[in-house]
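Undergrad: One file is attached below, query.csv, containing CSV, C-alpha atoms and all ligand atoms.
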```
chain,number,residue,atom,x,y,z
Z,17,MET,CA,195.5,177.8,35.0
Z,18,PRO,CA,193.1,180.4,36.5
Z,19,THR,CA,189.5,180.1,35.3
Z,20,ARG,CA,187.5,183.1,34.1
Z,21,TYR,CA,186.1,184.2,37.4
Z,22,ASP,CA,189.3,183.4,39.4
Z,23,LEU,CA,190.9,186.6,38.2
Z,24,ASP,CA,190.3,189.9,40.0
Z,25,ARG,CA,190.3,193.1,38.1
Z,26,ASP,CA,194.0,193.7,38.6
Z,27,ALA,CA,194.8,190.2,37.4
Z,28,LEU,CA,192.6,190.8,34.3
Z,29,ALA,CA,194.4,194.1,33.7
Z,30,ALA,CA,197.7,192.3,33.8
Z,31,LEU,CA,196.4,189.7,31.3
Z,32,LEU,CA,195.3,192.4,29.0
Z,33,ALA,CA,198.5,194.4,29.2
Z,34,GLY,CA,199.2,195.8,25.8
Z,35,GLU,CA,195.5,196.2,25.0
Z,36,PRO,CA,193.8,199.6,25.3
Z,37,ARG,CA,192.9,200.3,28.9
Z,38,TYR,CA,189.1,200.3,28.3
Z,39,ARG,CA,189.3,196.7,27.3
Z,40,VAL,CA,189.6,195.8,31.0
Z,41,ASP,CA,186.2,197.4,31.7
Z,42,GLN,CA,184.7,195.8,28.6
Z,43,VAL,CA,185.7,192.3,29.6
Z,44,TRP,CA,184.9,192.8,33.3
Z,45,ASP,CA,181.4,194.1,32.5
Z,46,GLY,CA,180.9,191.5,29.9
Z,47,LEU,CA,181.7,188.7,32.3
Z,48,HIS,CA,179.8,190.1,35.3
Z,49,ARG,CA,177.0,192.4,34.1
Z,50,GLN,CA,176.2,190.7,30.8
Z,51,LEU,CA,177.0,187.3,32.2
Z,52,ALA,CA,178.5,186.6,28.8
Z,53,GLU,CA,181.0,184.0,27.6
Z,54,PRO,CA,184.3,185.6,26.4
Z,55,ALA,CA,183.6,184.2,23.0
Z,56,ASP,CA,180.3,186.2,22.9
Z,57,LEU,CA,181.7,189.6,23.8
Z,58,THR,CA,181.1,191.1,20.4
Z,59,THR,CA,182.4,194.5,21.3
Z,60,LEU,CA,185.9,192.9,21.3
Z,61,PRO,CA,188.0,192.2,18.3
Z,62,LYS,CA,187.6,188.6,17.1
Z,63,VAL,CA,191.3,187.8,17.9
Z,64,LEU,CA,191.0,189.0,21.5
Z,65,ARG,CA,187.8,187.0,22.0
Z,66,ALA,CA,189.5,183.9,20.8
Z,67,ARG,CA,192.5,184.5,23.1
Z,68,LEU,CA,190.3,185.1,26.1
Z,69,ASP,CA,188.3,182.0,25.4
Z,70,GLU,CA,191.5,180.0,25.5
Z,71,GLU,CA,193.2,181.8,28.4
Z,72,LEU,CA,190.2,182.2,30.6
Z,73,PRO,CA,188.5,178.7,30.5
Z,74,ALA,CA,185.3,177.9,32.3
Z,75,ALA,CA,185.7,176.3,35.7
Z,76,LEU,CA,182.5,174.3,35.6
Z,77,HIS,CA,181.9,171.5,33.2
Z,78,PRO,CA,178.3,170.3,33.1
Z,79,VAL,CA,178.0,166.6,33.8
Z,80,ALA,CA,174.3,166.4,34.4
Z,81,GLU,CA,171.2,168.6,34.7
Z,82,SER,CA,167.9,167.6,36.2
Z,83,ALA,CA,164.7,169.6,36.8
Z,84,THR,CA,161.5,169.0,38.8
Z,85,ARG,CA,158.5,168.3,36.6
Z,86,ASP,CA,157.2,171.8,37.0
Z,87,GLY,CA,160.6,173.3,36.3
Z,88,SER,CA,160.7,175.2,39.5
Z,89,THR,CA,163.9,173.6,40.6
Z,90,VAL,CA,166.9,172.9,38.5
Z,91,LYS,CA,170.0,171.0,39.7
Z,92,TRP,CA,173.3,170.9,38.0
Z,93,LEU,CA,176.2,168.5,38.6
Z,94,PHE,CA,179.4,170.1,37.5
Z,95,GLY,CA,182.8,168.5,37.0
Z,96,LEU,CA,185.8,170.5,38.2
Z,97,ASP,CA,189.5,170.6,37.5
Z,98,GLY,CA,191.1,167.5,39.1
Z,99,GLY,CA,187.9,165.4,38.8
Z,100,ALA,CA,185.9,166.6,41.8
Z,101,ARG,CA,182.1,167.2,41.3
Z,102,VAL,CA,179.8,169.7,42.9
Z,103,GLU,CA,176.2,170.6,42.7
Z,104,THR,CA,174.3,173.8,42.3
Z,105,VAL,CA,170.6,174.2,42.7
Z,106,LEU,CA,168.4,177.0,41.2
Z,107,MET,CA,165.0,177.4,42.8
Z,108,HIS,CA,162.1,179.6,41.5
Z,109,TYR,CA,159.5,180.6,44.0
Z,110,ARG,CA,156.5,182.7,43.3
Z,111,ASP,CA,158.1,185.9,44.4
Z,112,ARG,CA,161.9,185.2,44.1
Z,113,THR,CA,164.6,183.2,42.6
Z,114,THR,CA,167.4,181.7,44.7
Z,115,VAL,CA,170.5,179.8,43.9
Z,116,CYS,CA,172.2,177.4,46.4
Z,117,VAL,CA,175.9,177.1,45.7
Z,118,SER,CA,178.6,174.7,46.9
Z,119,THR,CA,181.8,176.0,48.5
Z,120,GLN,CA,183.7,172.7,48.8
Z,121,ALA,CA,183.8,169.4,47.0
Z,122,GLY,CA,182.6,167.2,49.8
Z,123,CYS,CA,182.8,168.3,53.4
Z,124,ALA,CA,185.1,167.4,56.4
Z,125,MET,CA,182.6,168.2,59.1
Z,126,GLY,CA,181.2,164.7,59.2
Z,127,CYS,CA,177.5,165.3,60.2
Z,128,GLY,CA,176.2,161.8,60.1
Z,129,PHE,CA,172.8,162.6,58.6
Z,130,CYS,CA,174.1,164.6,55.7
Z,131,ALA,CA,174.9,163.1,52.3
Z,132,THR,CA,177.7,165.5,51.7
Z,133,GLY,CA,179.3,164.6,55.1
Z,134,GLN,CA,179.0,160.9,54.3
Z,135,ALA,CA,180.9,161.5,51.0
Z,136,GLY,CA,184.0,163.0,52.8
Z,137,PHE,CA,186.1,165.9,51.8
Z,138,GLN,CA,187.8,166.3,48.5
Z,139,ARG,CA,188.9,169.9,48.1
Z,140,ASN,CA,188.1,173.6,48.6
Z,141,LEU,CA,186.5,175.4,45.7
Z,142,THR,CA,188.2,178.5,44.3
Z,143,THR,CA,186.6,181.9,44.3
Z,144,GLY,CA,186.1,181.6,40.6
Z,145,GLU,CA,184.4,178.2,40.9
Z,146,ILE,CA,182.0,179.7,43.4
Z,147,VAL,CA,181.2,182.9,41.5
Z,148,GLU,CA,180.7,180.9,38.2
Z,149,GLN,CA,177.9,178.9,39.8
Z,150,VAL,CA,176.1,182.1,40.5
Z,151,VAL,CA,176.8,183.4,37.0
Z,152,LEU,CA,175.4,180.3,35.4
Z,153,ALA,CA,172.3,180.3,37.6
Z,154,SER,CA,171.8,184.0,37.0
Z,155,ARG,CA,172.1,183.5,33.2
Z,156,ARG,CA,169.6,180.6,33.3
Z,157,ALA,CA,167.1,182.6,35.4
Z,158,ARG,CA,167.4,185.6,33.0
Z,159,ASP,CA,166.9,183.4,30.0
Z,160,GLY,CA,163.6,182.2,31.6
Z,161,GLY,CA,162.5,185.7,32.3
Z,162,ARG,CA,163.4,185.7,36.0
Z,163,ARG,CA,165.9,187.6,38.0
Z,164,LEU,CA,168.2,185.8,40.4
Z,165,GLY,CA,167.8,187.7,43.6
Z,166,ASN,CA,169.2,185.5,46.4
Z,167,VAL,CA,172.3,183.4,46.9
Z,168,VAL,CA,172.5,180.9,49.7
Z,169,PHE,CA,175.8,179.3,50.5
Z,170,MET,CA,174.2,176.1,51.6
Z,171,GLY,CA,175.2,173.5,49.0
Z,172,MET,CA,178.1,171.1,49.4
Z,173,GLY,CA,180.7,172.1,52.0
Z,174,GLU,CA,181.1,174.3,55.1
Z,175,PRO,CA,181.5,177.8,53.7
Z,176,LEU,CA,183.5,179.1,56.7
Z,177,ALA,CA,186.0,176.3,56.4
Z,178,ASN,CA,186.9,177.8,53.1
Z,179,TYR,CA,186.7,181.4,54.2
Z,180,ASP,CA,189.6,182.8,52.2
Z,181,ARG,CA,188.0,181.9,48.9
Z,182,VAL,CA,184.3,182.2,49.9
Z,183,TRP,CA,184.5,185.8,51.2
Z,184,PRO,CA,186.1,187.2,48.0
Z,185,ALA,CA,183.3,185.4,46.1
Z,186,VAL,CA,180.7,187.1,48.4
Z,187,VAL,CA,182.3,190.5,47.7
Z,188,ARG,CA,182.4,189.8,43.9
Z,189,ILE,CA,178.7,188.7,43.9
Z,190,HIS,CA,177.8,191.8,45.7
Z,191,GLU,CA,179.9,194.4,43.9
Z,192,ASP,CA,180.1,193.0,40.4
Z,193,LEU,CA,177.0,190.8,40.0
Z,194,GLY,CA,175.0,193.4,41.9
Z,195,LEU,CA,173.2,191.4,44.6
Z,196,SER,CA,172.5,193.1,47.8
Z,197,ALA,CA,174.2,191.8,51.0
Z,198,ARG,CA,170.7,191.4,52.5
Z,199,HIS,CA,170.1,188.7,49.9
Z,200,LEU,CA,173.3,186.7,50.5
Z,201,THR,CA,173.2,184.0,53.2
Z,202,LEU,CA,176.2,182.2,54.5
Z,203,SER,CA,175.5,179.0,56.4
Z,204,THR,CA,177.7,177.4,59.0
Z,205,VAL,CA,177.6,174.4,61.2
Z,206,GLY,CA,179.2,176.5,63.9
Z,207,LEU,CA,182.8,177.4,63.1
Z,208,VAL,CA,183.2,180.1,65.7
Z,209,PRO,CA,186.5,181.7,64.3
Z,210,GLY,CA,184.7,182.1,61.0
Z,211,ILE,CA,181.7,183.7,62.5
Z,212,ARG,CA,184.0,186.2,64.3
Z,213,ARG,CA,185.8,187.0,61.1
Z,214,LEU,CA,182.4,187.5,59.4
Z,215,ALA,CA,181.4,189.9,62.1
Z,216,ALA,CA,184.5,192.1,61.4
Z,217,GLU,CA,183.7,192.3,57.6
Z,218,GLU,CA,182.0,195.4,56.2
Z,219,LEU,CA,179.3,193.6,54.3
Z,220,PRO,CA,176.4,192.6,56.6
Z,221,VAL,CA,175.4,189.2,55.1
Z,222,ASN,CA,172.8,186.9,56.7
Z,223,LEU,CA,174.0,184.1,58.8
Z,224,ALA,CA,172.3,180.7,59.0
Z,225,VAL,CA,173.5,178.4,61.7
Z,226,SER,CA,172.9,174.7,61.1
Z,227,LEU,CA,172.0,173.9,64.7
Z,228,HIS,CA,170.0,170.6,64.6
Z,229,ALA,CA,170.3,170.1,68.4
Z,230,ALA,CA,170.1,172.5,71.3
Z,231,ASN,CA,172.0,170.5,74.0
Z,232,ASP,CA,175.6,169.5,73.8
Z,233,ASP,CA,175.1,165.8,74.2
Z,234,LEU,CA,172.8,165.5,71.2
Z,235,ARG,CA,174.7,168.0,69.2
Z,236,ASN,CA,178.1,166.3,69.8
Z,237,GLU,CA,176.5,163.3,68.2
Z,238,LEU,CA,174.8,164.9,65.3
Z,239,VAL,CA,177.3,167.6,64.5
Z,240,PRO,CA,180.7,166.6,65.7
Z,241,ILE,CA,182.3,170.1,65.4
Z,242,ASN,CA,180.2,170.9,68.5
Z,243,LYS,CA,182.9,169.1,70.6
Z,244,ARG,CA,185.3,171.9,69.6
Z,245,TYR,CA,182.8,174.8,69.7
Z,246,PRO,CA,180.1,173.8,72.2
Z,247,LEU,CA,176.8,175.7,72.3
Z,248,THR,CA,177.7,178.3,74.9
Z,249,VAL,CA,180.7,179.3,72.8
Z,250,LEU,CA,178.7,179.2,69.6
Z,251,MET,CA,175.8,181.3,71.0
Z,252,GLY,CA,178.4,183.8,72.3
Z,253,ALA,CA,179.7,184.3,68.7
Z,254,CYS,CA,176.1,184.5,67.3
Z,255,ALA,CA,175.2,187.2,69.8
Z,256,ASP,CA,178.3,189.2,68.9
Z,257,TYR,CA,177.5,188.8,65.2
Z,258,LEU,CA,174.0,190.1,65.8
Z,259,ARG,CA,175.3,193.1,67.8
Z,260,ALA,CA,177.8,193.9,65.1
Z,261,LYS,CA,175.5,193.4,62.1
Z,262,GLY,CA,171.9,193.9,63.2
Z,263,ARG,CA,170.8,191.2,60.7
Z,264,ARG,CA,168.4,188.5,61.5
Z,265,LEU,CA,170.1,185.2,62.2
Z,266,SER,CA,168.4,181.9,61.5
Z,267,PHE,CA,168.8,178.4,63.0
Z,268,GLU,CA,168.5,175.5,60.6
Z,269,TRP,CA,167.0,172.4,62.1
Z,270,ALA,CA,166.7,169.2,60.1
Z,271,LEU,CA,163.9,167.3,61.9
Z,272,ILE,CA,164.9,163.7,62.6
Z,273,ASP,CA,162.2,161.4,63.7
Z,274,GLY,CA,162.4,160.6,67.5
Z,275,THR,CA,165.8,162.3,67.7
Z,276,ASN,CA,165.4,166.1,67.8
Z,277,ASP,CA,161.6,166.6,67.3
Z,278,ARG,CA,160.5,166.0,70.9
Z,279,LEU,CA,158.8,168.6,73.1
Z,280,SER,CA,162.1,168.9,75.2
Z,281,ASP,CA,163.9,169.7,71.9
Z,282,ALA,CA,161.4,172.4,71.1
Z,283,ARG,CA,161.9,173.9,74.6
Z,284,GLU,CA,165.7,173.9,74.5
Z,285,LEU,CA,165.7,175.3,70.9
Z,286,ALA,CA,163.3,178.1,71.9
Z,287,GLU,CA,165.4,178.9,74.8
Z,288,LEU,CA,168.5,179.3,72.6
Z,289,ALA,CA,166.6,181.3,70.0
Z,290,ARG,CA,165.3,183.7,72.6
Z,291,SER,CA,168.7,184.1,74.3
Z,292,LEU,CA,170.1,186.1,71.5
Z,293,PRO,CA,169.9,189.9,71.3
Z,294,LEU,CA,167.5,189.5,68.3
Z,295,PRO,CA,165.6,186.3,68.6
Z,296,ALA,CA,166.7,183.8,65.9
Z,297,HIS,CA,164.3,182.6,63.3
Z,298,VAL,CA,164.0,178.9,63.0
Z,299,ASN,CA,163.9,177.1,59.6
Z,300,LEU,CA,162.6,173.6,60.0
Z,301,ILE,CA,163.7,171.1,57.4
Z,302,PRO,CA,162.2,167.6,57.3
Z,303,LEU,CA,165.2,165.3,57.0
Z,304,ASN,CA,165.5,163.8,53.6
Z,305,PRO,CA,166.3,160.1,53.2
Z,306,THR,CA,170.0,159.6,52.3
Z,307,PRO,CA,171.6,156.3,51.4
Z,308,GLY,CA,174.0,156.2,54.5
Z,309,TYR,CA,171.7,157.2,57.3
Z,310,ARG,CA,168.9,154.9,58.5
Z,311,THR,CA,166.9,157.4,60.6
Z,312,ARG,CA,163.8,158.9,59.0
Z,313,GLY,CA,162.7,162.5,58.8
Z,314,THR,CA,159.8,163.6,61.0
Z,315,HIS,CA,156.4,162.9,59.6
Z,316,PRO,CA,154.6,166.0,58.2
Z,317,ASP,CA,152.2,166.0,61.2
Z,318,GLY,CA,155.1,166.0,63.6
Z,319,VAL,CA,156.7,168.8,61.6
Z,320,LYS,CA,153.6,170.9,62.0
Z,321,LEU,CA,153.3,170.1,65.7
Z,322,PHE,CA,157.0,171.0,66.3
Z,323,ARG,CA,156.5,174.3,64.5
Z,324,GLN,CA,153.4,175.1,66.6
Z,325,ARG,CA,155.3,174.3,69.8
Z,326,LEU,CA,158.0,176.8,68.8
Z,327,GLU,CA,155.4,179.4,68.0
Z,328,ASP,CA,153.7,178.8,71.3
Z,329,LEU,CA,157.1,179.3,73.0
Z,330,GLY,CA,157.4,182.7,71.2
Z,331,VAL,CA,159.8,181.7,68.4
Z,332,ASN,CA,159.1,182.3,64.7
Z,333,ALA,CA,159.6,179.2,62.7
Z,334,THR,CA,159.1,178.3,59.0
Z,335,VAL,CA,158.9,174.9,57.5
Z,336,ARG,CA,161.2,174.9,54.5
Z,337,ARG,CA,159.5,173.3,51.6
Z,338,ASN,CA,161.5,170.4,50.5
Z,339,ARG,CA,162.1,171.7,47.1
Z,340,GLY,CA,163.4,169.2,44.7
Z,341,VAL,CA,163.3,166.2,46.8
Z,342,ASP,CA,162.5,164.2,43.7
Z,343,ILE,CA,165.8,165.2,42.2
Z,344,ASP,CA,167.9,165.0,45.4
Z,345,ALA,CA,168.3,168.7,45.5
Z,346,ALA,CA,167.1,169.2,49.1
Z,347,CYS,CA,169.3,170.0,52.1
Z,348,GLY,CA,171.7,167.2,53.1
Z,349,GLN,CA,171.1,165.4,49.8
Z,350,LEU,CA,173.6,167.2,47.7
Z,351,ALA,CA,176.3,164.7,46.9
Z,352,ALA,CA,174.2,161.6,47.5
Z,353,ARG,CA,174.1,161.0,43.8
Z,354,VAL,CA,177.6,162.4,43.2
Z,355,GLU,CA,179.1,159.9,45.6
Z,356,LEU,CA,176.9,157.1,44.3
Z,357,GLY,CA,178.1,158.0,40.8
Z,358,ARG,CA,181.7,157.9,41.9
Z,359,LYS,CA,181.4,154.5,43.5
Z,360,GLN,CA,179.6,153.2,40.4
Z,361,ASP,CA,182.4,154.6,38.2
Z,362,GLN,CA,185.0,152.9,40.4
Z,363,ARG,CA,183.3,149.6,40.1
Z,364,ARG,CA,183.3,149.8,36.3
F,401,LIG,S1,175.5,169.3,57.3
F,401,LIG,FE1,176.8,170.9,56.3
F,401,LIG,S2,178.7,170.9,57.7
F,401,LIG,FE2,177.6,169.0,58.1
F,401,LIG,S3,178.6,167.5,56.8
F,401,LIG,FE3,176.8,168.3,55.7
F,401,LIG,S4,177.6,169.9,54.4
F,401,LIG,FE4,179.1,169.5,56.0
```
So that I can check it, write out the structure of this file as structure tokens.
TA:
Amino acid sequence: MPTRYDLDRDALAALLAGEPRYRVDQVWDGLHRQLAEPADLTTLPKVLRARLDEELPAALHPVAESATRDGSTVKWLFGLDGGARVETVLMHYRDRTTVCVSTQAGCAMGCGFCATGQAGFQRNLTTGEIVEQVVLASRRARDGGRRLGNVVFMGMGEPLANYDRVWPAVVRIHEDLGLSARHLTLSTVGLVPGIRRLAAEELPVNLAVSLHAANDDLRNELVPINKRYPLTVLMGACADYLRAKGRRLSFEWALIDGTNDRLSDARELAELARSLPLPAHVNLIPLNPTPGYRTRGTHPDGVKLFRQRLEDLGVNATVRRNRGVDIDAACGQLAARVELGRKQDQRR
């Protein structure tokens, strides 16, 4: 059965056949603009509300919710149809509120340092399951007097491996939830066909490439998909994306102690960043500890030094604050607890 955000407007109109035509707008606006539950759409007759509540069930079933002590980061664990679990993280900054959404349950890309990769792939999320994460986060932000302004597709999964469901979600988030394309960021580990499809879309979203290594030998090891799309091919697609969209592109770089935080790594990274038509911005992420990967993240002093080296080489770099490390909500940690929970469940 489709869930409430799986339906597009035409499918909703078909569901509401027999009702006055304006009901379609009322329900659509209620779900997307008011962020309401069908049962709370008081402009509708009670009988219709009850019917919609039954025929348009929620996709996400809250299993757990955790928040940092200061409340600036909230993480949800949701159960999905069929038993898969995904996580969504809401982050309040001084000047903005961002949600990080999952696009797949698990991930098939197998990056060794990533908790999601360690957990393996379960299934693609539907468009409705992706949109509903944004709706719930937006509602929570609104209830706390904030406005959700940014969506980053950087949770569990590789968004471009689920392109046919992710892109309609992007369009819906833009057109119906009203977020500007400038504030939507798709991440990819380097799926070149997906980057090329993105370049042909009308909406100019931001692209974040999870690079983590700037030579093929190391990248083959850290990010196995590099064997299929090596760096020259990936950089070619990035350059074409930039030419087509004119948006800033970022490289994500999880700093792993002694592995990709050396001076030679900074030099190679700077060279790649500067080789693009618009120099890439680098986001440095100190690697978080995950249960299945022994290597440690770079020490904070090393992170500072690496950033300084990049700046000296003419590349803008930002150290991403590890928001929510105390609730496992930082990059590469989503699914650490999910998987752990699953294994514990299996043992019971
Ligand atoms: S880093 Fe991204 S692409 Fe790689 S396994 Fe983790 S979620 Fe998948």
Undergrad: Near Asn166 of chain Z, within 6 Å and counting all atoms listed in the file, which residues show up once chain neighbours fewer than 2 positions away are dropped, as a PyMOL selection string?
TA: chain Z and resi 114+199-200
Undergrad: Rounded to one decimal in Å, what is the spacing between atom CA of Arg264 of chain Z and atom CA of Val298 of chain Z?
TA: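 Separation between atom CA of Arg264 of chain Z and atom CA of Val298 of chain Z: 10.7 Å.
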Undergrad: Within 6 Å of ligand LIG 401 (chain F), which residues of chain Z show up? Give each one with its shortest atom-to-atom distance in Å (one decimal) and the two atoms involved, counting only C-alpha atoms and all ligand atoms, rows by chain then rising residue number, as CSV.
TA:
```
residue,atom,partner,partner_atom,distance
Z:Cys123,CA,F:LIG401,FE4,4.7
Z:Met125,CA,F:LIG401,S3,4.7
Z:Gly126,CA,F:LIG401,S3,4.5
Z:Cys127,CA,F:LIG401,S3,4.2
Z:Cys130,CA,F:LIG401,FE3,4.6
Z:Thr132,CA,F:LIG401,FE3,5.0
Z:Gly133,CA,F:LIG401,S3,3.4
Z:Met172,CA,F:LIG401,S4,5.2
Z:Gly173,CA,F:LIG401,S4,4.5
Z:Glu174,CA,F:LIG401,S2,4.9
Z:Val205,CA,F:LIG401,S2,5.1
Z:Gly348,CA,F:LIG401,FE3,5.8
```
Undergrad: Give me, as a short mmCIF file (atom, residue, chain, number, x, y, z; two decimals) with C-alpha atoms, in the coordinates of the input, all polymer residues having an atom no more than 9 Å from Ser291 of chain Z, counting all atoms listed in the file and skipping those fewer than 4 positions away in the same chain.
TA:
```cif
data_model
loop_
_atom_site.label_atom_id
_atom_site.label_comp_id
_atom_site.auth_asym_id
_atom_site.auth_seq_id
_atom_site.Cartn_x
_atom_site.Cartn_y
_atom_site.Cartn_z
CA MET Z 251 175.80 181.30 71.00
CA ALA Z 255 175.20 187.20 69.80
CA ALA Z 286 163.30 178.10 71.90
CA GLU Z 287 165.40 178.90 74.80
CA PRO Z 295 165.60 186.30 68.60
CA ALA Z 296 166.70 183.80 65.90
#
```
Undergrad: Just to confirm, what's the straight-line distance from atom CA of Arg263 of chain Z to atom CA of Tyr245 of chain Z in Å (one decimal)?
TA: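 These atoms are spaced 22.2 Å apart.
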Undergrad: In Å, how far is it from atom CA of Leu76 of chain Z to atom CA of Ala55 of chain Z?
TA: 16.1 Å
Undergrad: Compile the contact shell of Asp328 of chain Z as an NGL selection string: residues with an atom at most 12 Å away, counting only C-alpha atoms, same-chain residues fewer than 4 positions apart removed.
TA: :Z and (279 or 282-283 or 286 or 321-324 or 332-333)
Undergrad: Just want the 12 Å neighbourhood of Gly252 of chain Z, counted on only C-alpha atoms, with same-chain residues fewer than 6 positions away dropped. Output as number ranges by chain.
TA: Z: 206, 208-209, 211-212, 245-246, 258-259, 288, 291-293
Undergrad: With C-alpha atoms retained, could you export that selection as a compact mmCIF listing (two decimals), in the coordinates of the input?
TA:
```
# COMPACT_ATOMS: atom_id res chain seq x y z
CA GLY Z 206 179.20 176.50 63.90
CA VAL Z 208 183.20 180.10 65.70
CA PRO Z 209 186.50 181.70 64.30
CA ILE Z 211 181.70 183.70 62.50
CA ARG Z 212 184.00 186.20 64.30
CA TYR Z 245 182.80 174.80 69.70
CA PRO Z 246 180.10 173.80 72.20
CA LEU Z 258 174.00 190.10 65.80
CA ARG Z 259 175.30 193.10 67.80
CA LEU Z 288 168.50 179.30 72.60
CA SER Z 291 168.70 184.10 74.30
CA LEU Z 292 170.10 186.10 71.50
CA PRO Z 293 169.90 189.90 71.30
```
Undergrad: Just checking: using only C-alpha atoms, which residue out of Z:Glu53, Z:Glu81, Z:Asp233, Z:Asp256 ends up closest to Arg213 of chain Z?
TA: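 The closest residue to Arg213 of chain Z is Z:Asp256.
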Undergrad: For a quick check of understanding, using only C-alpha atoms, which of Z:Arg158, Z:Arg139, Z:Arg198, Z:His190 has the smallest distance to Asn178 of chain Z?
TA: Z:Arg139
